[in-house]
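**Student:** My file is start32.cif. It has mmCIF, C-alpha atoms and all ligand atoms:
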data_model
#
loop_
_atom_site.group_PDB
_atom_site.id
_atom_site.type_symbol
_atom_site.label_atom_id
_atom_site.label_comp_id
_atom_site.auth_asym_id
_atom_site.auth_seq_id
_atom_site.Cartn_x
_atom_site.Cartn_y
_atom_site.Cartn_z
ATOM 1 C CA ASN A 586 0.000 0.000 0.000
ATOM 2 C CA THR A 587 1.163 3.470 -0.774
ATOM 3 C CA ASN A 588 0.205 6.245 1.560
ATOM 4 C CA GLY A 589 -0.301 9.868 0.673
ATOM 5 C CA GLY A 590 3.411 10.605 0.769
ATOM 6 C CA GLY A 591 4.216 7.827 -1.660
ATOM 7 C CA GLU A 592 6.182 5.852 0.908
ATOM 8 C CA ARG A 593 5.851 2.070 0.852
ATOM 9 C CA VAL A 594 4.686 0.348 3.974
ATOM 10 C CA ASN A 595 4.425 -3.367 4.554
ATOM 11 C CA VAL A 596 1.206 -4.462 6.112
ATOM 12 C CA PRO A 597 1.883 -8.017 7.254
ATOM 13 C CA ALA A 598 -1.725 -9.145 7.366
ATOM 14 C CA ARG A 599 -2.367 -8.267 3.734
ATOM 15 C CA GLU A 600 0.885 -9.499 2.275
ATOM 16 C CA ARG A 601 -0.134 -13.126 2.411
ATOM 17 C CA LEU A 602 -3.443 -12.639 0.690
ATOM 18 C CA PRO A 603 -3.435 -13.759 -2.933
ATOM 19 C CA SER A 604 -6.401 -11.689 -4.035
ATOM 20 C CA MET A 605 -9.152 -9.714 -2.426
ATOM 21 C CA LEU A 606 -11.865 -10.694 -4.850
ATOM 22 C CA GLU A 607 -12.453 -13.548 -7.182
ATOM 23 C CA LEU A 608 -15.521 -14.587 -9.166
ATOM 24 C CA LYS A 609 -15.543 -18.272 -10.065
ATOM 25 C CA GLY A 610 -18.004 -19.467 -12.662
ATOM 26 C CA ILE A 611 -20.726 -17.088 -11.522
ATOM 27 C CA CYS A 612 -24.123 -17.653 -13.125
ATOM 28 C CA LYS A 613 -27.151 -15.480 -12.571
ATOM 29 C CA ARG A 614 -30.552 -15.632 -14.234
ATOM 30 C CA TYR A 615 -33.616 -13.473 -13.829
ATOM 31 C CA VAL A 616 -36.789 -15.510 -14.049
ATOM 32 C CA THR A 617 -39.932 -13.637 -15.004
ATOM 33 C CA GLN A 618 -43.359 -15.014 -15.855
ATOM 34 C CA SER A 619 -42.768 -15.118 -19.576
ATOM 35 C CA PHE A 620 -39.079 -15.938 -19.876
ATOM 36 C CA THR A 621 -35.722 -16.451 -18.251
ATOM 37 C CA GLN A 622 -32.978 -13.918 -18.832
ATOM 38 C CA VAL A 623 -29.389 -15.055 -18.368
ATOM 39 C CA ALA A 624 -27.550 -12.045 -16.890
ATOM 40 C CA LEU A 625 -24.216 -13.669 -16.006
ATOM 41 C CA ASP A 626 -23.062 -16.768 -17.825
ATOM 42 C CA ASN A 627 -20.171 -18.533 -16.102
ATOM 43 C CA VAL A 628 -18.155 -15.427 -15.269
ATOM 44 C CA SER A 629 -14.699 -15.993 -13.787
ATOM 45 C CA LEU A 630 -12.656 -12.941 -12.911
ATOM 46 C CA ALA A 631 -10.118 -12.058 -10.233
ATOM 47 C CA PHE A 632 -9.154 -8.603 -9.061
ATOM 48 C CA ARG A 633 -5.920 -7.293 -7.600
ATOM 49 C CA ASP A 634 -6.236 -5.406 -4.339
ATOM 50 C CA ASN A 635 -5.096 -2.215 -6.059
ATOM 51 C CA GLU A 636 -6.195 -1.521 -9.609
ATOM 52 C CA PHE A 637 -8.669 0.584 -11.538
ATOM 53 C CA VAL A 638 -10.836 -1.735 -13.588
ATOM 54 C CA ALA A 639 -13.302 -0.514 -16.189
ATOM 55 C CA ILE A 640 -16.134 -2.829 -17.213
ATOM 56 C CA LEU A 641 -17.330 -2.133 -20.751
ATOM 57 C CA GLY A 642 -20.158 -3.690 -22.679
ATOM 58 C CA PRO A 643 -23.431 -2.967 -24.414
ATOM 59 C CA SER A 644 -26.611 -2.284 -22.491
ATOM 60 C CA GLY A 645 -28.018 -5.499 -21.056
ATOM 61 C CA SER A 646 -24.693 -7.336 -21.128
ATOM 62 C CA GLY A 647 -24.713 -7.934 -17.360
ATOM 63 C CA LYS A 648 -22.449 -5.130 -16.104
ATOM 64 C CA THR A 649 -24.731 -3.902 -13.320
ATOM 65 C CA THR A 650 -25.561 -7.461 -12.307
ATOM 66 C CA MET A 651 -21.872 -8.268 -12.020
ATOM 67 C CA LEU A 652 -21.186 -5.156 -9.946
ATOM 68 C CA ASN A 653 -24.117 -5.955 -7.663
ATOM 69 C CA VAL A 654 -22.888 -9.534 -7.224
ATOM 70 C CA ILE A 655 -19.394 -8.264 -6.375
ATOM 71 C CA GLY A 656 -20.841 -5.821 -3.849
ATOM 72 C CA GLY A 657 -23.086 -8.374 -2.208
ATOM 73 C CA LEU A 658 -26.207 -6.504 -3.308
ATOM 74 C CA ASP A 659 -27.443 -9.314 -5.493
ATOM 75 C CA HIS A 660 -27.304 -13.069 -5.020
ATOM 76 C CA PHE A 661 -26.106 -15.438 -7.686
ATOM 77 C CA ASP A 662 -27.423 -18.863 -8.714
ATOM 78 C CA SER A 663 -24.196 -20.814 -8.958
ATOM 79 C CA GLY A 664 -20.447 -20.388 -8.857
ATOM 80 C CA ASP A 665 -18.637 -18.697 -6.014
ATOM 81 C CA LEU A 666 -17.422 -15.283 -4.930
ATOM 82 C CA LEU A 667 -14.192 -15.488 -2.969
ATOM 83 C CA ILE A 668 -13.246 -12.676 -0.620
ATOM 84 C CA ASP A 669 -9.614 -12.766 0.455
ATOM 85 C CA GLY A 670 -9.535 -16.315 -0.880
ATOM 86 C CA ILE A 671 -12.481 -17.365 1.273
ATOM 87 C CA SER A 672 -15.683 -18.743 -0.203
ATOM 88 C CA THR A 673 -18.893 -16.839 0.492
ATOM 89 C CA LYS A 674 -21.017 -19.959 0.001
ATOM 90 C CA ASP A 675 -21.777 -20.131 3.720
ATOM 91 C CA PHE A 676 -22.280 -16.391 4.138
ATOM 92 C CA ARG A 677 -25.426 -15.433 6.028
ATOM 93 C CA ASP A 678 -27.195 -12.117 5.765
ATOM 94 C CA ARG A 679 -25.156 -10.631 8.589
ATOM 95 C CA ASP A 680 -21.898 -11.632 6.833
ATOM 96 C CA TRP A 681 -23.051 -9.913 3.641
ATOM 97 C CA ASP A 682 -24.064 -6.865 5.707
ATOM 98 C CA ALA A 683 -20.634 -6.716 7.317
ATOM 99 C CA TYR A 684 -18.942 -7.115 3.935
ATOM 100 C CA ARG A 685 -21.016 -4.335 2.363
ATOM 101 C CA ASN A 686 -20.700 -1.986 5.315
ATOM 102 C CA ASN A 687 -17.016 -2.405 6.067
ATOM 103 C CA ARG A 688 -15.311 -3.067 2.767
ATOM 104 C CA ILE A 689 -17.377 -1.682 -0.088
ATOM 105 C CA GLY A 690 -18.212 1.828 -1.195
ATOM 106 C CA PHE A 691 -20.915 2.201 -3.834
ATOM 107 C CA VAL A 692 -21.257 5.001 -6.361
ATOM 108 C CA PHE A 693 -24.438 4.744 -8.384
ATOM 109 C CA GLN A 694 -25.286 6.550 -11.584
ATOM 110 C CA SER A 695 -28.506 7.944 -10.178
ATOM 111 C CA TYR A 696 -26.523 9.326 -7.261
ATOM 112 C CA ASN A 697 -28.836 7.431 -4.906
ATOM 113 C CA LEU A 698 -29.029 10.467 -2.761
ATOM 114 C CA ILE A 699 -32.162 10.676 -0.732
ATOM 115 C CA PRO A 700 -34.044 13.901 -1.503
ATOM 116 C CA HIS A 701 -35.299 16.187 1.263
ATOM 117 C CA GLN A 702 -32.004 15.790 3.030
ATOM 118 C CA THR A 703 -29.117 18.141 3.173
ATOM 119 C CA ILE A 704 -25.806 17.139 1.662
ATOM 120 C CA LEU A 705 -24.514 16.800 5.175
ATOM 121 C CA GLU A 706 -27.227 14.345 6.150
ATOM 122 C CA ASN A 707 -26.622 12.392 2.982
ATOM 123 C CA VAL A 708 -22.963 11.949 3.723
ATOM 124 C CA GLU A 709 -23.703 11.279 7.357
ATOM 125 C CA LEU A 710 -26.193 8.580 6.447
ATOM 126 C CA ALA A 711 -23.365 6.339 5.323
ATOM 127 C CA LEU A 712 -22.086 6.253 8.897
ATOM 128 C CA THR A 713 -25.329 5.754 10.770
ATOM 129 C CA LEU A 714 -25.316 1.973 10.568
ATOM 130 C CA THR A 715 -21.687 1.588 11.464
ATOM 131 C CA GLY A 716 -21.711 2.504 15.128
ATOM 132 C CA VAL A 717 -19.796 5.770 14.730
ATOM 133 C CA GLY A 718 -20.983 8.274 17.346
ATOM 134 C CA HIS A 719 -23.128 11.232 16.376
ATOM 135 C CA ALA A 720 -20.526 13.929 17.028
ATOM 136 C CA GLU A 721 -17.828 12.163 15.004
ATOM 137 C CA ARG A 722 -20.364 11.365 12.314
ATOM 138 C CA ARG A 723 -21.275 15.020 11.979
ATOM 139 C CA GLN A 724 -17.635 16.037 12.008
ATOM 140 C CA ARG A 725 -16.594 13.509 9.362
ATOM 141 C CA ALA A 726 -19.593 14.330 7.201
ATOM 142 C CA ARG A 727 -18.852 18.032 7.474
ATOM 143 C CA GLU A 728 -15.238 17.518 6.416
ATOM 144 C CA ALA A 729 -16.256 15.354 3.491
ATOM 145 C CA SER A 730 -19.186 17.414 2.239
ATOM 146 C CA GLN A 731 -17.709 20.891 2.582
ATOM 147 C CA LEU A 732 -15.081 19.920 0.068
ATOM 148 C CA SER A 733 -17.436 18.231 -2.341
ATOM 149 C CA GLY A 734 -18.195 21.426 -4.200
ATOM 150 C CA GLY A 735 -21.883 20.741 -4.020
ATOM 151 C CA GLN A 736 -21.832 18.457 -7.015
ATOM 152 C CA MET A 737 -24.092 15.515 -6.586
ATOM 153 C CA GLN A 738 -21.761 12.892 -7.983
ATOM 154 C CA ARG A 739 -18.946 14.211 -5.840
ATOM 155 C CA VAL A 740 -21.221 13.834 -2.855
ATOM 156 C CA ALA A 741 -21.928 10.279 -3.944
ATOM 157 C CA ILE A 742 -18.193 9.613 -4.101
ATOM 158 C CA ALA A 743 -17.676 11.315 -0.741
ATOM 159 C CA ARG A 744 -20.382 9.114 0.693
ATOM 160 C CA ALA A 745 -18.817 5.997 -0.803
ATOM 161 C CA LEU A 746 -15.467 6.922 0.730
ATOM 162 C CA ILE A 747 -16.451 7.946 4.202
ATOM 163 C CA ASN A 748 -15.761 4.530 5.712
ATOM 164 C CA ASP A 749 -12.492 4.332 3.786
ATOM 165 C CA PRO A 750 -13.476 1.078 2.027
ATOM 166 C CA GLU A 751 -10.926 -1.161 0.323
ATOM 167 C CA ILE A 752 -13.182 -1.590 -2.677
ATOM 168 C CA VAL A 753 -15.143 1.079 -4.528
ATOM 169 C CA LEU A 754 -17.793 0.031 -7.042
ATOM 170 C CA ALA A 755 -19.104 2.636 -9.461
ATOM 171 C CA ASP A 756 -21.943 1.993 -11.897
ATOM 172 C CA GLU A 757 -21.701 4.432 -14.796
ATOM 173 C CA PRO A 758 -20.604 7.278 -12.542
ATOM 174 C CA THR A 759 -20.341 9.652 -15.502
ATOM 175 C CA GLY A 760 -23.447 8.393 -17.274
ATOM 176 C CA ALA A 761 -25.466 11.521 -16.520
ATOM 177 C CA LEU A 762 -22.654 14.074 -16.692
ATOM 178 C CA ASP A 763 -21.317 16.428 -19.339
ATOM 179 C CA SER A 764 -17.784 15.845 -20.573
ATOM 180 C CA THR A 765 -16.105 18.461 -18.364
ATOM 181 C CA THR A 766 -17.727 17.137 -15.199
ATOM 182 C CA SER A 767 -17.050 13.572 -16.355
ATOM 183 C CA VAL A 768 -13.337 14.299 -16.497
ATOM 184 C CA GLN A 769 -13.443 15.792 -12.995
ATOM 185 C CA VAL A 770 -15.212 12.717 -11.651
ATOM 186 C CA MET A 771 -12.731 10.430 -13.418
ATOM 187 C CA ASP A 772 -9.802 12.371 -11.948
ATOM 188 C CA LEU A 773 -11.386 11.912 -8.554
ATOM 189 C CA LEU A 774 -11.904 8.178 -9.083
ATOM 190 C CA LYS A 775 -8.362 7.768 -10.343
ATOM 191 C CA ASP A 776 -7.145 9.322 -7.120
ATOM 192 C CA VAL A 777 -9.496 7.093 -5.140
ATOM 193 C CA ALA A 778 -7.962 4.108 -6.974
ATOM 194 C CA ARG A 779 -4.438 4.971 -5.887
ATOM 195 C CA ASP A 780 -4.688 2.806 -2.810
ATOM 196 C CA ARG A 781 -7.667 0.567 -3.305
ATOM 197 C CA LEU A 782 -9.573 -1.499 -5.822
ATOM 198 C CA VAL A 783 -11.952 0.496 -7.992
ATOM 199 C CA ILE A 784 -14.308 -1.307 -10.358
ATOM 200 C CA MET A 785 -16.206 1.025 -12.638
ATOM 201 C CA VAL A 786 -18.904 0.214 -15.152
ATOM 202 C CA THR A 787 -18.933 2.662 -18.028
ATOM 203 C CA HIS A 788 -20.433 3.265 -21.425
ATOM 204 C CA ASN A 789 -17.537 5.477 -22.375
ATOM 205 C CA PRO A 790 -14.567 3.565 -23.844
ATOM 206 C CA GLU A 791 -12.473 6.738 -24.242
ATOM 207 C CA LEU A 792 -12.660 7.552 -20.536
ATOM 208 C CA ALA A 793 -12.079 3.887 -19.692
ATOM 209 C CA TYR A 794 -8.910 3.685 -21.793
ATOM 210 C CA GLN A 795 -7.685 7.029 -20.513
ATOM 211 C CA TYR A 796 -8.141 6.354 -16.815
ATOM 212 C CA ALA A 797 -8.453 2.650 -16.021
ATOM 213 C CA THR A 798 -5.489 0.325 -15.586
ATOM 214 C CA ARG A 799 -7.478 -2.632 -16.883
ATOM 215 C CA ILE A 800 -10.426 -3.047 -19.240
ATOM 216 C CA VAL A 801 -12.845 -5.955 -19.054
ATOM 217 C CA ASN A 802 -15.429 -6.395 -21.793
ATOM 218 C CA LEU A 803 -18.763 -8.109 -21.243
ATOM 219 C CA ALA A 804 -21.235 -9.314 -23.860
ATOM 220 C CA ASP A 805 -24.326 -11.414 -23.222
ATOM 221 C CA GLY A 806 -23.223 -12.093 -19.657
ATOM 222 C CA LYS A 807 -19.822 -13.421 -20.707
ATOM 223 C CA ILE A 808 -16.356 -11.937 -20.518
ATOM 224 C CA THR A 809 -15.142 -11.418 -24.057
ATOM 225 C CA ASP A 810 -11.926 -9.556 -23.324
ATOM 226 C CA ASP A 811 -9.653 -8.699 -20.398
ATOM 227 C CA SER A 812 -6.685 -6.383 -20.978
ATOM 228 C CA ASP A 813 -4.765 -7.503 -17.888
ATOM 229 C CA PRO A 814 -6.063 -10.772 -16.427
ATOM 230 C CA PHE A 815 -5.091 -11.692 -12.893
ATOM 231 C CA ASP A 816 -4.109 -15.313 -12.326
ATOM 232 C CA VAL A 817 -4.652 -16.013 -8.622
ATOM 233 C CA ALA A 818 -2.893 -19.391 -8.675
ATOM 234 C CA ASP A 819 0.149 -17.859 -10.330
ATOM 235 C CA ALA A 820 0.205 -14.922 -7.912
ATOM 236 C CA THR A 821 -0.129 -17.296 -4.952
ATOM 237 C CA ARG A 822 2.855 -19.343 -6.144
ATOM 238 C CA ARG A 823 4.969 -16.213 -6.443
ATOM 239 C CA GLU A 824 3.825 -14.940 -3.040
ATOM 240 C CA ALA A 825 4.749 -18.277 -1.480
ATOM 241 C CA LYS A 826 8.418 -17.884 -2.445
ATOM 242 C CA PRO A 827 10.311 -16.018 0.288
ATOM 243 C CA THR A 828 11.663 -13.375 -2.055
ATOM 244 C CA ARG A 829 10.571 -10.252 -0.264
ATOM 245 C CA LYS A 830 12.490 -9.189 2.787
ATOM 246 C CA THR A 831 10.531 -7.172 5.274
ATOM 247 C CA SER A 832 12.574 -4.108 5.949
ATOM 248 C CA MET A 833 10.813 -3.061 9.099
ATOM 249 C CA SER A 834 10.074 -4.904 12.259
ATOM 250 C CA PHE A 835 6.512 -6.036 12.675
ATOM 251 C CA VAL A 836 5.965 -3.499 15.468
ATOM 252 C CA THR A 837 7.317 -0.590 13.432
ATOM 253 C CA ALA A 838 5.174 -1.613 10.507
ATOM 254 C CA LEU A 839 2.101 -1.753 12.687
ATOM 255 C CA GLY A 840 2.839 1.664 14.132
ATOM 256 C CA LEU A 841 3.312 3.088 10.655
ATOM 257 C CA SER A 842 0.161 1.559 9.307
ATOM 258 C CA ALA A 843 -1.822 2.958 12.194
ATOM 259 C CA ARG A 844 -0.414 6.384 11.441
ATOM 260 C CA ASN A 845 -1.029 5.850 7.746
ATOM 261 C CA LEU A 846 -4.617 5.134 8.491
ATOM 262 C CA MET A 847 -4.915 8.467 10.234
ATOM 263 C CA THR A 848 -3.220 10.278 7.343
ATOM 264 C CA LYS A 849 -5.340 8.376 4.890
ATOM 265 C CA LYS A 850 -8.530 9.382 6.644
ATOM 266 C CA GLY A 851 -7.594 13.011 6.349
ATOM 267 C CA ARG A 852 -6.561 12.669 2.782
ATOM 268 C CA THR A 853 -9.739 10.790 1.876
ATOM 269 C CA ALA A 854 -11.743 13.683 3.219
ATOM 270 C CA MET A 855 -9.543 16.060 1.237
ATOM 271 C CA THR A 856 -10.007 13.969 -1.888
ATOM 272 C CA ALA A 857 -13.743 14.023 -1.413
HETATM 273 P P1 LIG A 901 -26.167 -3.808 -18.032
HETATM 274 O O1 LIG A 901 -25.869 -3.186 -16.720
HETATM 275 O O2 LIG A 901 -24.948 -4.284 -18.770
HETATM 276 O O3 LIG A 901 -27.005 -2.938 -18.893
HETATM 277 P P2 LIG A 901 -27.803 -5.630 -16.488
HETATM 278 O O4 LIG A 901 -26.874 -6.338 -15.575
HETATM 279 O O5 LIG A 901 -28.597 -4.536 -15.897
HETATM 280 O O6 LIG A 901 -27.021 -5.143 -17.784
HETATM 281 O O7 LIG A 901 -28.820 -6.680 -17.083
HETATM 282 C C1 LIG A 901 -28.410 -7.904 -17.670
HETATM 283 C C2 LIG A 901 -29.650 -8.624 -18.220
HETATM 284 O O8 LIG A 901 -30.487 -9.008 -17.138
HETATM 285 C C3 LIG A 901 -30.481 -7.745 -19.125
HETATM 286 O O9 LIG A 901 -31.019 -8.541 -20.155
HETATM 287 C C4 LIG A 901 -31.580 -7.242 -18.223
HETATM 288 O O10 LIG A 901 -32.757 -6.978 -18.949
HETATM 289 C C5 LIG A 901 -31.770 -8.417 -17.268
HETATM 290 N N1 LIG A 901 -32.200 -7.966 -15.939
HETATM 291 C C6 LIG A 901 -31.517 -7.162 -15.101
HETATM 292 N N2 LIG A 901 -32.187 -6.981 -13.967
HETATM 293 C C7 LIG A 901 -33.343 -7.674 -14.095
HETATM 294 C C8 LIG A 901 -34.479 -7.894 -13.236
HETATM 295 N N3 LIG A 901 -34.546 -7.351 -12.022
HETATM 296 N N4 LIG A 901 -35.478 -8.680 -13.709
HETATM 297 C C9 LIG A 901 -35.404 -9.249 -14.928
HETATM 298 N N5 LIG A 901 -34.368 -9.091 -15.779
HETATM 299 C C10 LIG A 901 -33.355 -8.324 -15.365
HETATM 300 MG MG MG A 902 -26.296 -1.258 -15.999
#
The structure in this file should be written as structure tokens.
**Tutor:**
Amino acid sequence: NTNGGGERVNVPARERLPSMLELKGICKRYVTQSFTQVALDNVSLAFRDNEFVAILGPSGSGKTTMLNVIGGLDHFDSGDLLIDGISTKDFRDRDWDAYRNNRIGFVFQSYNLIPHQTILENVELALTLTGVGHAERRQRAREASQLSGGQMQRVAIARALINDPEIVLADEPTGALDSTTSVQVMDLLKDVARDRLVIMVTHNPELAYQYATRIVNLADGKITDDSDPFDVADATRREAKPTRKTSMSFVTALGLSARNLMTKKGRTAMTA
């Protein structure tokens, strides 16, 4: 992980993990009265813990379904979603809740902001279920929203970031924006992706190629192209070899990561 200052810090707990997210043969159908629609057809895809992935594909190709499956918003029929190498097959509702609340930030195209609320309340809402006290909630929301410039999508990104999630999922975040604002939002997301996994669905190949580090194409619920596939088995084999020497003692590293976290929090608010 790189902190705001660009300095490298070893976080022992994460070093061993082969991949944060992996879809294995995911299938998902929508059954209606008249017909069955296959939304995801045997999708296998692994993500690195730090990359900016753009998902491209025509309307109806399964992009939103895939994002919702990854974020634990939608259940799948078969296959498996692995989180940190662990199967979610035995996940109960409370496990999915914890996963969504603690690790995922969502940015939706429609902004998903609840009307009749102030920007502050909107940002604050993201913290209400997480046990953060009211005073700190207000404080954190104020920091995040003051700097958002009043733009709705920026508020949505601020809201997605307020818990400092490891994974940010964005469904067509620029879909309703003009090109100037789109570029601003993409700059913001690129910054967000500096130290986490960002998966963004987009209709705009130009923006995808300009900003993302990896492009995945979907068609009819299948992956048709992946510009930079991640082979978990291969990565695990390489991780297993004792090639990397930890330059800091465990205690120093822990101290640094704690401080990093503090810095990161501040910077996340700044980013927002
Ligand atoms: P995309 O985001 O790429 O436009 P979606 O994931 O939204 O595609 O949809 C994939 C397919 O699943 C489409 O054919 C769509 O019509 C269908 N679908 C999505 N959601 C539902 C639903 N709730 N009920 C029935 N069909 C659905
Ligand atoms: Mg969609």
**Student:** As a PDB file with C-alpha atoms, in the coordinates of the input, please: every protein or nucleic acid residue near ligand LIG 901 (chain A) (cut-off 7 Å, counting all atoms listed in the file).
**Tutor:**
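Output file selection07.pdb is given in full below:
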ATOM      1  CA  TYR A 615     -33.616 -13.473 -13.829  1.00  0.00           C
ATOM      2  CA  VAL A 616     -36.789 -15.510 -14.049  1.00  0.00           C
ATOM      3  CA  THR A 617     -39.932 -13.637 -15.004  1.00  0.00           C
ATOM      4  CA  GLN A 622     -32.978 -13.918 -18.832  1.00  0.00           C
ATOM      5  CA  VAL A 623     -29.389 -15.055 -18.368  1.00  0.00           C
ATOM      6  CA  ALA A 624     -27.550 -12.045 -16.890  1.00  0.00           C
ATOM      7  CA  GLY A 642     -20.158  -3.690 -22.679  1.00  0.00           C
ATOM      8  CA  PRO A 643     -23.431  -2.967 -24.414  1.00  0.00           C
ATOM      9  CA  SER A 644     -26.611  -2.284 -22.491  1.00  0.00           C
ATOM     10  CA  GLY A 645     -28.018  -5.499 -21.056  1.00  0.00           C
ATOM     11  CA  SER A 646     -24.693  -7.336 -21.128  1.00  0.00           C
ATOM     12  CA  GLY A 647     -24.713  -7.934 -17.360  1.00  0.00           C
ATOM     13  CA  LYS A 648     -22.449  -5.130 -16.104  1.00  0.00           C
ATOM     14  CA  THR A 649     -24.731  -3.902 -13.320  1.00  0.00           C
ATOM     15  CA  THR A 650     -25.561  -7.461 -12.307  1.00  0.00           C
ATOM     16  CA  MET A 651     -21.872  -8.268 -12.020  1.00  0.00           C
ATOM     17  CA  GLY A 806     -23.223 -12.093 -19.657  1.00  0.00           C
TER      18      GLY A 806
END
**Student:** Separation of atom CA of Val783 of chain A and atom CA of Gly718 of chain A, in Å?
**Tutor:**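 That distance, rounded to one decimal, is 28.0 Å.
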**Student:** Which of these, A:Ala825, A:Leu641, A:Leu630, A:Ala726, has the shortest distance to ligand MG 902 (chain A) once you count only C-alpha atoms and all ligand atoms?
**Tutor:** A:Leu641
**Student:** May I have the protein, DNA and RNA residues with an atom at most 10 Å from (-11.7, -17.6, 0.6), counting only C-alpha atoms in the file's coordinates, returned as an MDAnalysis selection string?
**Tutor:** chainID A and resid 602:607 665:674
**Student:** Run the PyMOL selection byres (((chain A and resi 661) around 7) and not hetatm) against the file shown and list the residues it catches, as number ranges by chain.
**Tutor:** A: 611-613, 654, 659-660, 662-663
**Student:** So, with all atoms listed in the file as the atoms that count, which of A:Thr713, A:Asn635, A:Gln795, A:Asn653 lies closest to ligand MG 902 (chain A)?
**Tutor:**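 That would be A:Asn653, the residue with the smallest distance to ligand MG 902 (chain A).
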**Student:** Quick one: residues within 10 Å of Leu712 of chain A, only C-alpha atoms, excluding same-chain residues fewer than 3 positions away - as a count of residues only?
**Tutor:** 18
**Student:** Ranking A:Asp680, A:Asp634, A:Glu751, A:Glu757 by minimum distance to ligand MG 902 (chain A) and counting all atoms listed in the file, which one comes first?
**Tutor:** A:Glu757
**Student:** I need the residue set behind the PyMOL selection byres (((chain A and resi 798) around 8) and not hetatm) for this file; please write it as a list in words.
**Tutor:**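 Against this file, the PyMOL selection byres (((chain A and resi 798) around 8) and not hetatm) returns the residues Glu636, Phe637, Val638, Ala639, Tyr794, Tyr796, Ala797, Arg799 and Ile800 of chain A.
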**Student:** I'd like the interatomic distance between atom CA of Val768 of chain A and atom CA of Phe693 of chain A, to a tenth of an Å.
**Tutor:**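 Computed distance, atom CA of Val768 of chain A to atom CA of Phe693 of chain A, equals 16.7 Å.
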**Student:** Could you check how far atom CA of Ala778 of chain A sits from atom CA of Pro758 of chain A, in Å to one decimal?
**Tutor:**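 Result for atom CA of Ala778 of chain A versus atom CA of Pro758 of chain A: 14.2 Å, one decimal.
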**Student:** With only C-alpha atoms as the counted atoms, please give the residues lying no more than 7 Å from Ile808 of chain A, apart from itself and same-chain residues fewer than 5 positions off, as a VMD selection string.
**Tutor:** chain A and resid 628 802 to 803
**Student:** For Leu792 of chain A, which of A:Val692, A:Leu762, A:Val777, A:Met771 is the closest residue, counting all atoms listed in the file?
**Tutor:** A:Met771
**Student:** Working from the structure I just supplied, which lacks atoms in segment 776-789 of chain A, can you model N, CA and C atoms there and output them as a compact mmCIF listing (two decimals), keeping the file's coordinate frame?
**Tutor:**
# COMPACT_ATOMS: atom_id res chain seq x y z
N ASP A 776 -7.81 9.06 -8.39
CA ASP A 776 -7.14 9.32 -7.12
C ASP A 776 -7.61 8.32 -6.05
N VAL A 777 -8.92 8.08 -6.06
CA VAL A 777 -9.50 7.09 -5.14
C VAL A 777 -8.83 5.72 -5.35
N ALA A 778 -8.51 5.42 -6.61
CA ALA A 778 -7.96 4.11 -6.97
C ALA A 778 -6.47 3.98 -6.67
N ARG A 779 -5.88 5.05 -6.16
CA ARG A 779 -4.44 4.97 -5.89
C ARG A 779 -4.11 3.92 -4.83
N ASP A 780 -4.99 3.77 -3.87
CA ASP A 780 -4.69 2.81 -2.81
C ASP A 780 -5.85 1.88 -2.48
N ARG A 781 -6.63 1.57 -3.51
CA ARG A 781 -7.67 0.57 -3.30
C ARG A 781 -8.09 0.01 -4.65
N LEU A 782 -9.02 -0.93 -4.60
CA LEU A 782 -9.57 -1.50 -5.82
C LEU A 782 -10.80 -0.69 -6.23
N VAL A 783 -10.78 -0.19 -7.46
CA VAL A 783 -11.95 0.50 -7.99
C VAL A 783 -12.44 -0.28 -9.21
N ILE A 784 -13.70 -0.65 -9.20
CA ILE A 784 -14.31 -1.31 -10.36
C ILE A 784 -15.43 -0.40 -10.84
N MET A 785 -15.28 0.03 -12.09
CA MET A 785 -16.21 1.02 -12.64
C MET A 785 -16.85 0.50 -13.91
N VAL A 786 -18.18 0.53 -13.94
CA VAL A 786 -18.90 0.21 -15.15
C VAL A 786 -19.05 1.51 -15.94
N THR A 787 -18.79 1.45 -17.24
CA THR A 787 -18.93 2.66 -18.03
C THR A 787 -19.37 2.35 -19.46
N HIS A 788 -20.04 3.34 -20.03
CA HIS A 788 -20.43 3.26 -21.42
C HIS A 788 -19.40 3.95 -22.32
N ASN A 789 -18.45 4.59 -21.66
CA ASN A 789 -17.54 5.48 -22.38
C ASN A 789 -16.14 4.87 -22.52
